>>> print(open('query39.txt').read())   # compact mmCIF, N, CA and C atoms and all ligand atoms
# COMPACT_ATOMS: atom_id res chain seq x y z
N MET A 448 -142.65 80.64 -20.10
CA MET A 448 -141.66 80.46 -19.02
C MET A 448 -140.64 79.38 -19.39
N LYS A 449 -141.16 78.32 -20.00
CA LYS A 449 -140.28 77.23 -20.43
C LYS A 449 -139.25 77.70 -21.47
N LYS A 450 -139.80 78.55 -22.38
CA LYS A 450 -138.95 79.08 -23.46
C LYS A 450 -137.82 79.93 -22.90
N LEU A 451 -138.18 80.71 -21.90
CA LEU A 451 -137.21 81.61 -21.29
C LEU A 451 -136.09 80.79 -20.64
N PHE A 452 -136.50 79.73 -19.98
CA PHE A 452 -135.54 78.87 -19.30
C PHE A 452 -134.61 78.20 -20.30
N LEU A 453 -135.20 77.73 -21.40
CA LEU A 453 -134.43 77.08 -22.46
C LEU A 453 -133.44 78.05 -23.08
N GLY A 454 -133.92 79.27 -23.31
CA GLY A 454 -133.06 80.31 -23.88
C GLY A 454 -131.89 80.60 -22.98
N PHE A 455 -132.14 80.65 -21.71
CA PHE A 455 -131.11 80.90 -20.72
C PHE A 455 -130.09 79.77 -20.71
N PHE A 456 -130.62 78.56 -20.81
CA PHE A 456 -129.77 77.37 -20.82
C PHE A 456 -128.85 77.36 -22.04
N VAL A 457 -129.42 77.66 -23.21
CA VAL A 457 -128.63 77.69 -24.46
C VAL A 457 -127.57 78.78 -24.40
N ALA A 458 -127.95 79.94 -23.88
CA ALA A 458 -127.02 81.06 -23.78
C ALA A 458 -125.84 80.70 -22.88
N THR A 459 -126.13 80.06 -21.77
CA THR A 459 -125.09 79.65 -20.82
C THR A 459 -124.16 78.64 -21.46
N PHE A 460 -124.77 77.72 -22.21
CA PHE A 460 -124.01 76.68 -22.88
C PHE A 460 -123.05 77.27 -23.91
N LEU A 461 -123.56 78.20 -24.71
CA LEU A 461 -122.74 78.84 -25.74
C LEU A 461 -121.61 79.65 -25.12
N LEU A 462 -121.91 80.30 -24.02
CA LEU A 462 -120.93 81.11 -23.32
C LEU A 462 -119.79 80.24 -22.80
N SER A 463 -120.16 79.09 -22.25
CA SER A 463 -119.13 78.20 -21.70
C SER A 463 -118.28 77.59 -22.81
N LEU A 464 -118.89 77.34 -23.97
CA LEU A 464 -118.14 76.81 -25.11
C LEU A 464 -117.08 77.83 -25.52
N ASN A 465 -117.50 79.08 -25.55
CA ASN A 465 -116.62 80.16 -25.94
C ASN A 465 -115.45 80.30 -24.96
N LEU A 466 -115.74 80.14 -23.68
CA LEU A 466 -114.72 80.27 -22.66
C LEU A 466 -113.64 79.21 -22.78
N PHE A 467 -114.07 78.00 -23.17
CA PHE A 467 -113.13 76.90 -23.25
C PHE A 467 -112.66 76.61 -24.67
N ALA A 468 -112.91 77.55 -25.56
CA ALA A 468 -112.52 77.36 -26.96
C ALA A 468 -111.01 77.23 -27.09
N GLU A 469 -110.30 77.99 -26.29
CA GLU A 469 -108.85 77.91 -26.33
C GLU A 469 -108.33 77.11 -25.16
N ASN A 470 -107.65 76.04 -25.49
CA ASN A 470 -107.11 75.14 -24.48
C ASN A 470 -105.60 75.33 -24.44
N ILE A 471 -105.18 76.37 -23.78
CA ILE A 471 -103.77 76.74 -23.79
C ILE A 471 -102.97 75.97 -22.73
N LYS A 472 -101.89 75.36 -23.21
CA LYS A 472 -101.01 74.63 -22.30
C LYS A 472 -99.58 75.13 -22.45
N GLU A 473 -98.78 74.82 -21.48
CA GLU A 473 -97.39 75.25 -21.53
C GLU A 473 -96.44 74.06 -21.50
N ALA A 474 -95.33 74.21 -22.19
CA ALA A 474 -94.32 73.15 -22.19
C ALA A 474 -92.94 73.78 -22.14
N LYS A 475 -92.05 73.05 -21.51
CA LYS A 475 -90.67 73.55 -21.45
C LYS A 475 -89.73 72.44 -21.90
N PHE A 476 -88.87 72.79 -22.83
CA PHE A 476 -87.92 71.81 -23.37
C PHE A 476 -86.49 72.25 -23.13
N SER A 477 -85.64 71.26 -23.06
CA SER A 477 -84.21 71.53 -23.01
C SER A 477 -83.66 71.17 -24.38
N VAL A 478 -83.02 72.11 -25.03
CA VAL A 478 -82.51 71.92 -26.39
C VAL A 478 -81.03 72.26 -26.44
N ASN A 479 -80.26 71.43 -27.15
CA ASN A 479 -78.81 71.67 -27.18
C ASN A 479 -78.38 72.71 -28.20
N MET A 480 -78.95 73.88 -28.10
CA MET A 480 -78.53 74.97 -28.99
C MET A 480 -77.25 75.60 -28.46
N THR A 481 -76.38 76.00 -29.40
CA THR A 481 -75.07 76.49 -28.97
C THR A 481 -74.78 77.95 -29.31
N CYS A 482 -75.51 78.51 -30.25
CA CYS A 482 -75.23 79.90 -30.62
C CYS A 482 -76.50 80.64 -31.01
N GLU A 483 -76.35 81.93 -31.35
CA GLU A 483 -77.49 82.75 -31.77
C GLU A 483 -78.16 82.17 -33.02
N GLY A 484 -77.34 81.53 -33.86
CA GLY A 484 -77.87 80.92 -35.08
C GLY A 484 -78.87 79.82 -34.77
N CYS A 485 -78.52 79.00 -33.77
CA CYS A 485 -79.41 77.92 -33.33
C CYS A 485 -80.72 78.52 -32.83
N LYS A 486 -80.57 79.54 -32.02
CA LYS A 486 -81.72 80.21 -31.41
C LYS A 486 -82.68 80.73 -32.48
N SER A 487 -82.14 81.44 -33.47
CA SER A 487 -83.02 82.01 -34.48
C SER A 487 -83.60 80.94 -35.40
N LYS A 488 -82.85 79.86 -35.59
CA LYS A 488 -83.33 78.74 -36.40
C LYS A 488 -84.56 78.11 -35.72
N ILE A 489 -84.45 77.91 -34.43
CA ILE A 489 -85.54 77.31 -33.67
C ILE A 489 -86.74 78.26 -33.60
N GLU A 490 -86.45 79.54 -33.41
CA GLU A 490 -87.54 80.53 -33.33
C GLU A 490 -88.30 80.62 -34.65
N LYS A 491 -87.57 80.50 -35.75
CA LYS A 491 -88.20 80.56 -37.07
C LYS A 491 -89.18 79.38 -37.23
N THR A 492 -88.75 78.22 -36.76
CA THR A 492 -89.59 77.04 -36.84
C THR A 492 -90.82 77.17 -35.95
N LEU A 493 -90.62 77.68 -34.75
CA LEU A 493 -91.74 77.84 -33.82
C LEU A 493 -92.75 78.84 -34.36
N LYS A 494 -92.24 79.85 -35.04
CA LYS A 494 -93.10 80.88 -35.61
C LYS A 494 -94.03 80.30 -36.66
N SER A 495 -93.51 79.34 -37.43
CA SER A 495 -94.32 78.78 -38.52
C SER A 495 -95.15 77.58 -38.07
N GLU A 496 -94.87 77.09 -36.88
CA GLU A 496 -95.60 75.94 -36.34
C GLU A 496 -97.01 76.36 -35.92
N LYS A 497 -98.02 75.61 -36.36
CA LYS A 497 -99.38 76.04 -36.01
C LYS A 497 -99.73 75.65 -34.57
N GLY A 498 -100.55 76.48 -33.97
CA GLY A 498 -101.02 76.22 -32.62
C GLY A 498 -100.15 76.82 -31.53
N ILE A 499 -99.02 77.38 -31.91
CA ILE A 499 -98.15 77.98 -30.90
C ILE A 499 -98.56 79.43 -30.66
N VAL A 500 -98.85 79.70 -29.40
CA VAL A 500 -99.34 81.03 -29.03
C VAL A 500 -98.18 81.95 -28.65
N LYS A 501 -97.25 81.37 -27.92
CA LYS A 501 -96.15 82.16 -27.39
C LYS A 501 -94.93 81.27 -27.26
N TYR A 502 -93.75 81.81 -27.47
CA TYR A 502 -92.55 81.00 -27.26
C TYR A 502 -91.42 81.87 -26.74
N ASN A 503 -90.49 81.24 -26.08
CA ASN A 503 -89.33 81.94 -25.58
C ASN A 503 -88.14 80.98 -25.61
N THR A 504 -87.09 81.40 -26.29
CA THR A 504 -85.89 80.57 -26.33
C THR A 504 -84.81 81.26 -25.52
N ASP A 505 -84.19 80.51 -24.67
CA ASP A 505 -83.13 81.07 -23.84
C ASP A 505 -81.83 80.31 -24.05
N LEU A 506 -80.90 80.98 -24.67
CA LEU A 506 -79.63 80.37 -25.01
C LEU A 506 -78.79 80.04 -23.78
N ALA A 507 -78.82 80.92 -22.80
CA ALA A 507 -78.01 80.72 -21.59
C ALA A 507 -78.39 79.44 -20.85
N SER A 508 -79.68 79.20 -20.69
CA SER A 508 -80.11 78.00 -19.97
C SER A 508 -80.45 76.87 -20.93
N LYS A 509 -80.35 77.13 -22.24
CA LYS A 509 -80.65 76.16 -23.30
C LYS A 509 -82.05 75.59 -23.16
N THR A 510 -82.98 76.47 -22.88
CA THR A 510 -84.37 76.04 -22.75
C THR A 510 -85.28 76.75 -23.75
N VAL A 511 -86.32 76.05 -24.13
CA VAL A 511 -87.34 76.60 -25.01
C VAL A 511 -88.67 76.44 -24.29
N SER A 512 -89.33 77.56 -24.00
CA SER A 512 -90.64 77.53 -23.36
C SER A 512 -91.70 77.89 -24.39
N VAL A 513 -92.76 77.11 -24.40
CA VAL A 513 -93.81 77.31 -25.40
C VAL A 513 -95.19 77.28 -24.76
N SER A 514 -96.05 78.21 -25.20
CA SER A 514 -97.46 78.16 -24.86
C SER A 514 -98.18 77.76 -26.14
N TYR A 515 -99.00 76.73 -26.06
CA TYR A 515 -99.65 76.26 -27.28
C TYR A 515 -101.12 75.93 -27.06
N ASP A 516 -101.86 75.96 -28.16
CA ASP A 516 -103.27 75.61 -28.14
C ASP A 516 -103.37 74.09 -28.28
N ALA A 517 -103.76 73.44 -27.21
CA ALA A 517 -103.78 71.97 -27.17
C ALA A 517 -104.81 71.36 -28.14
N ASP A 518 -105.70 72.18 -28.68
CA ASP A 518 -106.66 71.67 -29.67
C ASP A 518 -106.02 71.61 -31.05
N LYS A 519 -104.93 72.34 -31.23
CA LYS A 519 -104.29 72.40 -32.54
C LYS A 519 -102.98 71.63 -32.64
N THR A 520 -102.30 71.50 -31.53
CA THR A 520 -101.01 70.80 -31.56
C THR A 520 -100.76 70.14 -30.20
N ASN A 521 -99.64 69.47 -30.06
CA ASN A 521 -99.31 68.88 -28.77
C ASN A 521 -97.80 68.94 -28.55
N GLU A 522 -97.40 68.54 -27.38
CA GLU A 522 -96.00 68.64 -26.99
C GLU A 522 -95.08 67.88 -27.93
N ASP A 523 -95.51 66.69 -28.34
CA ASP A 523 -94.68 65.86 -29.21
C ASP A 523 -94.46 66.50 -30.58
N ASN A 524 -95.52 67.14 -31.09
CA ASN A 524 -95.41 67.84 -32.38
C ASN A 524 -94.33 68.90 -32.33
N ILE A 525 -94.37 69.69 -31.28
CA ILE A 525 -93.43 70.79 -31.12
C ILE A 525 -92.02 70.25 -30.95
N LYS A 526 -91.93 69.22 -30.11
CA LYS A 526 -90.66 68.57 -29.85
C LYS A 526 -90.05 68.03 -31.15
N ASN A 527 -90.88 67.38 -31.95
CA ASN A 527 -90.41 66.81 -33.21
C ASN A 527 -89.95 67.85 -34.20
N SER A 528 -90.66 68.97 -34.26
CA SER A 528 -90.27 69.98 -35.24
C SER A 528 -88.92 70.61 -34.88
N ILE A 529 -88.61 70.66 -33.59
CA ILE A 529 -87.28 71.17 -33.20
C ILE A 529 -86.23 70.09 -33.46
N ALA A 530 -86.60 68.85 -33.17
CA ALA A 530 -85.69 67.73 -33.38
C ALA A 530 -85.34 67.56 -34.85
N LYS A 531 -86.32 67.87 -35.73
CA LYS A 531 -86.11 67.76 -37.18
C LYS A 531 -84.98 68.66 -37.66
N LEU A 532 -84.74 69.73 -36.94
CA LEU A 532 -83.66 70.66 -37.31
C LEU A 532 -82.30 70.07 -36.98
N GLY A 533 -82.31 68.98 -36.22
CA GLY A 533 -81.06 68.31 -35.88
C GLY A 533 -80.66 68.46 -34.42
N TYR A 534 -81.59 68.96 -33.63
CA TYR A 534 -81.28 69.16 -32.21
C TYR A 534 -81.80 68.02 -31.35
N THR A 535 -81.18 67.88 -30.22
CA THR A 535 -81.67 66.92 -29.23
C THR A 535 -82.61 67.68 -28.30
N VAL A 536 -83.82 67.17 -28.20
CA VAL A 536 -84.84 67.85 -27.40
C VAL A 536 -85.31 66.95 -26.29
N ALA A 537 -85.41 67.48 -25.09
CA ALA A 537 -85.95 66.72 -23.97
C ALA A 537 -86.93 67.59 -23.22
N ASN A 538 -87.97 66.97 -22.73
CA ASN A 538 -88.91 67.71 -21.89
C ASN A 538 -88.23 68.02 -20.57
N ALA A 539 -88.55 69.16 -20.02
CA ALA A 539 -87.96 69.55 -18.75
C ALA A 539 -88.21 68.48 -17.68
N ALA A 540 -89.38 67.86 -17.71
CA ALA A 540 -89.73 66.82 -16.74
C ALA A 540 -88.89 65.57 -16.94
N GLU A 541 -88.62 65.24 -18.22
CA GLU A 541 -87.82 64.04 -18.53
C GLU A 541 -86.39 64.18 -18.03
N ILE A 542 -85.89 65.38 -18.11
CA ILE A 542 -84.51 65.62 -17.70
C ILE A 542 -84.32 65.24 -16.24
N LYS A 543 -85.31 65.63 -15.45
CA LYS A 543 -85.24 65.32 -14.02
C LYS A 543 -85.26 63.82 -13.76
N SER A 544 -86.12 63.10 -14.50
CA SER A 544 -86.27 61.67 -14.23
C SER A 544 -85.19 60.80 -14.85
N THR A 545 -84.72 61.16 -16.05
CA THR A 545 -83.75 60.29 -16.73
C THR A 545 -82.33 60.84 -16.68
N LYS A 546 -82.21 62.06 -16.21
CA LYS A 546 -80.92 62.73 -16.14
C LYS A 546 -80.23 62.82 -17.50
N THR A 547 -81.05 63.04 -18.54
CA THR A 547 -80.52 63.22 -19.88
C THR A 547 -79.78 64.55 -19.93
N ASP A 548 -78.53 64.51 -20.26
CA ASP A 548 -77.80 65.76 -20.33
C ASP A 548 -77.75 66.27 -21.76
N VAL A 549 -78.79 67.00 -22.11
CA VAL A 549 -78.92 67.54 -23.45
C VAL A 549 -77.84 68.58 -23.73
N LYS A 550 -77.45 69.29 -22.70
CA LYS A 550 -76.50 70.39 -22.88
C LYS A 550 -75.14 69.96 -23.41
N SER A 551 -74.75 68.74 -23.13
CA SER A 551 -73.42 68.33 -23.56
C SER A 551 -73.42 67.60 -24.90
N THR A 552 -74.61 67.33 -25.45
CA THR A 552 -74.66 66.62 -26.72
C THR A 552 -74.46 67.58 -27.89
N LYS A 553 -74.04 67.03 -29.02
CA LYS A 553 -73.78 67.82 -30.21
C LYS A 553 -75.04 68.50 -30.72
N SER A 554 -74.90 69.72 -31.18
CA SER A 554 -76.07 70.44 -31.66
C SER A 554 -76.27 70.24 -33.14
N GLY A 555 -77.44 70.66 -33.61
CA GLY A 555 -77.82 70.50 -35.01
C GLY A 555 -76.98 71.28 -35.97
N CYS A 556 -76.33 72.32 -35.51
CA CYS A 556 -75.51 73.12 -36.43
C CYS A 556 -74.04 72.96 -36.07
N SER A 557 -73.70 71.88 -35.45
CA SER A 557 -72.33 71.70 -34.95
C SER A 557 -71.26 71.72 -36.04
N LYS A 558 -71.65 71.39 -37.27
CA LYS A 558 -70.69 71.41 -38.38
C LYS A 558 -70.16 72.82 -38.62
N ASN A 559 -71.11 73.76 -38.64
CA ASN A 559 -70.74 75.14 -38.93
C ASN A 559 -70.72 76.03 -37.70
N CYS A 560 -71.18 75.47 -36.61
CA CYS A 560 -71.34 76.31 -35.43
C CYS A 560 -70.01 76.75 -34.85
N THR A 561 -69.95 78.02 -34.50
CA THR A 561 -68.75 78.58 -33.91
C THR A 561 -68.67 78.19 -32.45
N GLY A 562 -69.81 77.79 -31.90
CA GLY A 562 -69.84 77.42 -30.50
C GLY A 562 -69.83 78.63 -29.59
N SER A 563 -69.77 79.78 -30.21
CA SER A 563 -69.76 81.01 -29.41
C SER A 563 -71.17 81.57 -29.30
N LYS A 564 -71.46 82.08 -28.15
CA LYS A 564 -72.79 82.61 -27.90
C LYS A 564 -73.11 83.81 -28.79
N ASP A 565 -72.09 84.59 -29.11
CA ASP A 565 -72.31 85.84 -29.83
C ASP A 565 -72.22 85.68 -31.34
N LYS A 566 -71.39 84.73 -31.78
CA LYS A 566 -71.20 84.56 -33.20
C LYS A 566 -72.26 83.62 -33.77
N LYS A 567 -72.71 83.95 -34.97
CA LYS A 567 -73.72 83.11 -35.61
C LYS A 567 -73.05 81.99 -36.40
N CYS A 568 -73.70 80.84 -36.39
CA CYS A 568 -73.21 79.76 -37.23
C CYS A 568 -73.73 80.03 -38.63
N ASN A 569 -72.92 79.73 -39.63
CA ASN A 569 -73.37 80.02 -40.99
C ASN A 569 -74.03 78.82 -41.63
N ASP A 570 -75.35 78.82 -41.58
CA ASP A 570 -76.08 77.75 -42.27
C ASP A 570 -77.12 78.34 -43.21
CU CU B 601 -75.45 77.24 -33.64
>>> encode(input="query39.txt", output="C-alpha cells")
Amino acid sequence: MKKLFLGFFVATFLLSLNLFAENIKEAKFSVNMTCEGCKSKIEKTLKSEKGIVKYNTDLASKTVSVSYDADKTNEDNIKNSIAKLGYTVANAAEIKSTKTDVKSTKSGCSKNCTGSKDKKCND
C-alpha cells in the first residue's frame, strides 16, 4: 500500500514538472522601425534568437510583440538584440510611465532608409 502511494506521488510530481516545463511569457516593445526593411531585419533577428516562441512585428503601430520561454531568455535579452541593430526599443509599460516617444527617434537604418512604408531600405 505504501509503495502504491509513493508511486502515485512520484507520478503526480513528474506530471506537474512536465506541465510547468514551459514558462511562456509575453512582452510588447515599441521600436522605431520606419520601413519594411526594418521590419524584416528585426524579424530575422527574432527568428534566430533562442527562446522565442512567437513574434509579431507591426510597422503601422511600430510595435513588436513576443512570446518567449522565460527559462531560456528574458525581456532584456530580446530588447538588447533589437537595440543592437541600431533601433531604440522601449517596453510598452515604460512608454506609459516615462512618455518615451520612440516613434519620433531616428531608426537604425535611417542612413539608407527611404522612410516609406512600402519601399525597402537598402542595407
Ligand atoms: Cu528601414
>>> closest_residue(input="query39.txt", among="A:Lys472, A:Thr481, A:Glu496, A:Gly533", to="Lys509 in chain A", atoms="only N, CA and C atoms")
A:Thr481
>>> closest_residue(input="query39.txt", among="A:Ser477, A:Ser487, A:Asn470, A:Ser495", to="ligand CU 601 (chain B)", atoms="all atoms listed in the file")
A:Ser487
>>> atom_distance(input="query39.txt", atom1="atom C of Ile489 in chain A", atom2="CA of Glu469 in chain A")
23.3 Å
>>> closest_residue(input="query39.txt", among="A:Lys486, A:Lys501, A:Lys475, A:Lys526", to="ligand CU 601 (chain B)", atoms="only N, CA and C atoms and all ligand atoms")
A:Lys486
>>> closest_residue(input="query39.txt", among="A:Ile499, A:Ala539, A:Leu493, A:Leu506", to="ligand CU 601 (chain B)", atoms="only C-alpha atoms and all ligand atoms")
A:Leu506
>>> decode(input="query39.txt", residues="range 493-518 of chain A", atoms="N, CA and C atoms", output="PDB file, in the first residue's frame")
ATOM      1  N   LEU A 493      14.771  38.090 -34.512  1.00  0.00           N
ATOM      2  CA  LEU A 493      13.900  37.383 -33.580  1.00  0.00           C
ATOM      3  C   LEU A 493      13.847  35.897 -33.910  1.00  0.00           C
ATOM      4  N   LYS A 494      13.917  35.594 -35.193  1.00  0.00           N
ATOM      5  CA  LYS A 494      13.873  34.210 -35.643  1.00  0.00           C
ATOM      6  C   LYS A 494      15.082  33.430 -35.135  1.00  0.00           C
ATOM      7  N   SER A 495      16.233  34.105 -35.097  1.00  0.00           N
ATOM      8  CA  SER A 495      17.453  33.414 -34.685  1.00  0.00           C
ATOM      9  C   SER A 495      17.690  33.482 -33.177  1.00  0.00           C
ATOM     10  N   GLU A 496      16.921  34.305 -32.510  1.00  0.00           N
ATOM     11  CA  GLU A 496      17.052  34.456 -31.053  1.00  0.00           C
ATOM     12  C   GLU A 496      16.477  33.225 -30.344  1.00  0.00           C
ATOM     13  N   LYS A 497      17.237  32.654 -29.415  1.00  0.00           N
ATOM     14  CA  LYS A 497      16.723  31.444 -28.771  1.00  0.00           C
ATOM     15  C   LYS A 497      15.689  31.780 -27.688  1.00  0.00           C
ATOM     16  N   GLY A 498      14.752  30.880 -27.541  1.00  0.00           N
ATOM     17  CA  GLY A 498      13.726  31.029 -26.514  1.00  0.00           C
ATOM     18  C   GLY A 498      12.480  31.754 -26.990  1.00  0.00           C
ATOM     19  N   ILE A 499      12.519  32.277 -28.200  1.00  0.00           N
ATOM     20  CA  ILE A 499      11.342  32.981 -28.709  1.00  0.00           C
ATOM     21  C   ILE A 499      10.388  31.991 -29.372  1.00  0.00           C
ATOM     22  N   VAL A 500       9.172  31.996 -28.872  1.00  0.00           N
ATOM     23  CA  VAL A 500       8.177  31.041 -29.348  1.00  0.00           C
ATOM     24  C   VAL A 500       7.375  31.630 -30.506  1.00  0.00           C
ATOM     25  N   LYS A 501       7.041  32.889 -30.343  1.00  0.00           N
ATOM     26  CA  LYS A 501       6.174  33.542 -31.316  1.00  0.00           C
ATOM     27  C   LYS A 501       6.514  35.022 -31.355  1.00  0.00           C
ATOM     28  N   TYR A 502       6.419  35.645 -32.508  1.00  0.00           N
ATOM     29  CA  TYR A 502       6.647  37.086 -32.566  1.00  0.00           C
ATOM     30  C   TYR A 502       5.750  37.721 -33.606  1.00  0.00           C
ATOM     31  N   ASN A 503       5.504  38.986 -33.440  1.00  0.00           N
ATOM     32  CA  ASN A 503       4.721  39.726 -34.398  1.00  0.00           C
ATOM     33  C   ASN A 503       5.225  41.166 -34.444  1.00  0.00           C
ATOM     34  N   THR A 504       5.593  41.597 -35.633  1.00  0.00           N
ATOM     35  CA  THR A 504       6.051  42.980 -35.768  1.00  0.00           C
ATOM     36  C   THR A 504       4.996  43.755 -36.548  1.00  0.00           C
ATOM     37  N   ASP A 505       4.651  44.890 -36.031  1.00  0.00           N
ATOM     38  CA  ASP A 505       3.647  45.708 -36.702  1.00  0.00           C
ATOM     39  C   ASP A 505       4.211  47.081 -37.017  1.00  0.00           C
ATOM     40  N   LEU A 506       4.399  47.312 -38.290  1.00  0.00           N
ATOM     41  CA  LEU A 506       5.004  48.554 -38.752  1.00  0.00           C
ATOM     42  C   LEU A 506       4.108  49.767 -38.500  1.00  0.00           C
ATOM     43  N   ALA A 507       2.818  49.595 -38.681  1.00  0.00           N
ATOM     44  CA  ALA A 507       1.885  50.707 -38.513  1.00  0.00           C
ATOM     45  C   ALA A 507       1.906  51.266 -37.088  1.00  0.00           C
ATOM     46  N   SER A 508       1.894  50.387 -36.106  1.00  0.00           N
ATOM     47  CA  SER A 508       1.894  50.852 -34.718  1.00  0.00           C
ATOM     48  C   SER A 508       3.303  50.864 -34.128  1.00  0.00           C
ATOM     49  N   LYS A 509       4.288  50.428 -34.920  1.00  0.00           N
ATOM     50  CA  LYS A 509       5.697  50.353 -34.506  1.00  0.00           C
ATOM     51  C   LYS A 509       5.874  49.546 -33.233  1.00  0.00           C
ATOM     52  N   THR A 510       5.186  48.429 -33.187  1.00  0.00           N
ATOM     53  CA  THR A 510       5.304  47.565 -32.021  1.00  0.00           C
ATOM     54  C   THR A 510       5.794  46.173 -32.402  1.00  0.00           C
ATOM     55  N   VAL A 511       6.481  45.565 -31.466  1.00  0.00           N
ATOM     56  CA  VAL A 511       6.958  44.202 -31.615  1.00  0.00           C
ATOM     57  C   VAL A 511       6.426  43.413 -30.424  1.00  0.00           C
ATOM     58  N   SER A 512       5.609  42.405 -30.699  1.00  0.00           N
ATOM     59  CA  SER A 512       5.076  41.551 -29.643  1.00  0.00           C
ATOM     60  C   SER A 512       5.780  40.205 -29.700  1.00  0.00           C
ATOM     61  N   VAL A 513       6.195  39.727 -28.540  1.00  0.00           N
ATOM     62  CA  VAL A 513       6.953  38.481 -28.484  1.00  0.00           C
ATOM     63  C   VAL A 513       6.420  37.562 -27.390  1.00  0.00           C
ATOM     64  N   SER A 514       6.321  36.268 -27.714  1.00  0.00           N
ATOM     65  CA  SER A 514       6.066  35.254 -26.711  1.00  0.00           C
ATOM     66  C   SER A 514       7.366  34.486 -26.550  1.00  0.00           C
ATOM     67  N   TYR A 515       7.828  34.371 -25.315  1.00  0.00           N
ATOM     68  CA  TYR A 515       9.115  33.712 -25.116  1.00  0.00           C
ATOM     69  C   TYR A 515       9.101  32.753 -23.936  1.00  0.00           C
ATOM     70  N   ASP A 516      10.040  31.808 -23.986  1.00  0.00           N
ATOM     71  CA  ASP A 516      10.205  30.845 -22.908  1.00  0.00           C
ATOM     72  C   ASP A 516      11.106  31.495 -21.853  1.00  0.00           C
ATOM     73  N   ALA A 517      10.522  31.818 -20.726  1.00  0.00           N
ATOM     74  CA  ALA A 517      11.242  32.553 -19.674  1.00  0.00           C
ATOM     75  C   ALA A 517      12.384  31.743 -19.051  1.00  0.00           C
ATOM     76  N   ASP A 518      12.432  30.440 -19.328  1.00  0.00           N
ATOM     77  CA  ASP A 518      13.542  29.628 -18.828  1.00  0.00           C
ATOM     78  C   ASP A 518      14.763  29.763 -19.730  1.00  0.00           C
TER      79      ASP A 518
END
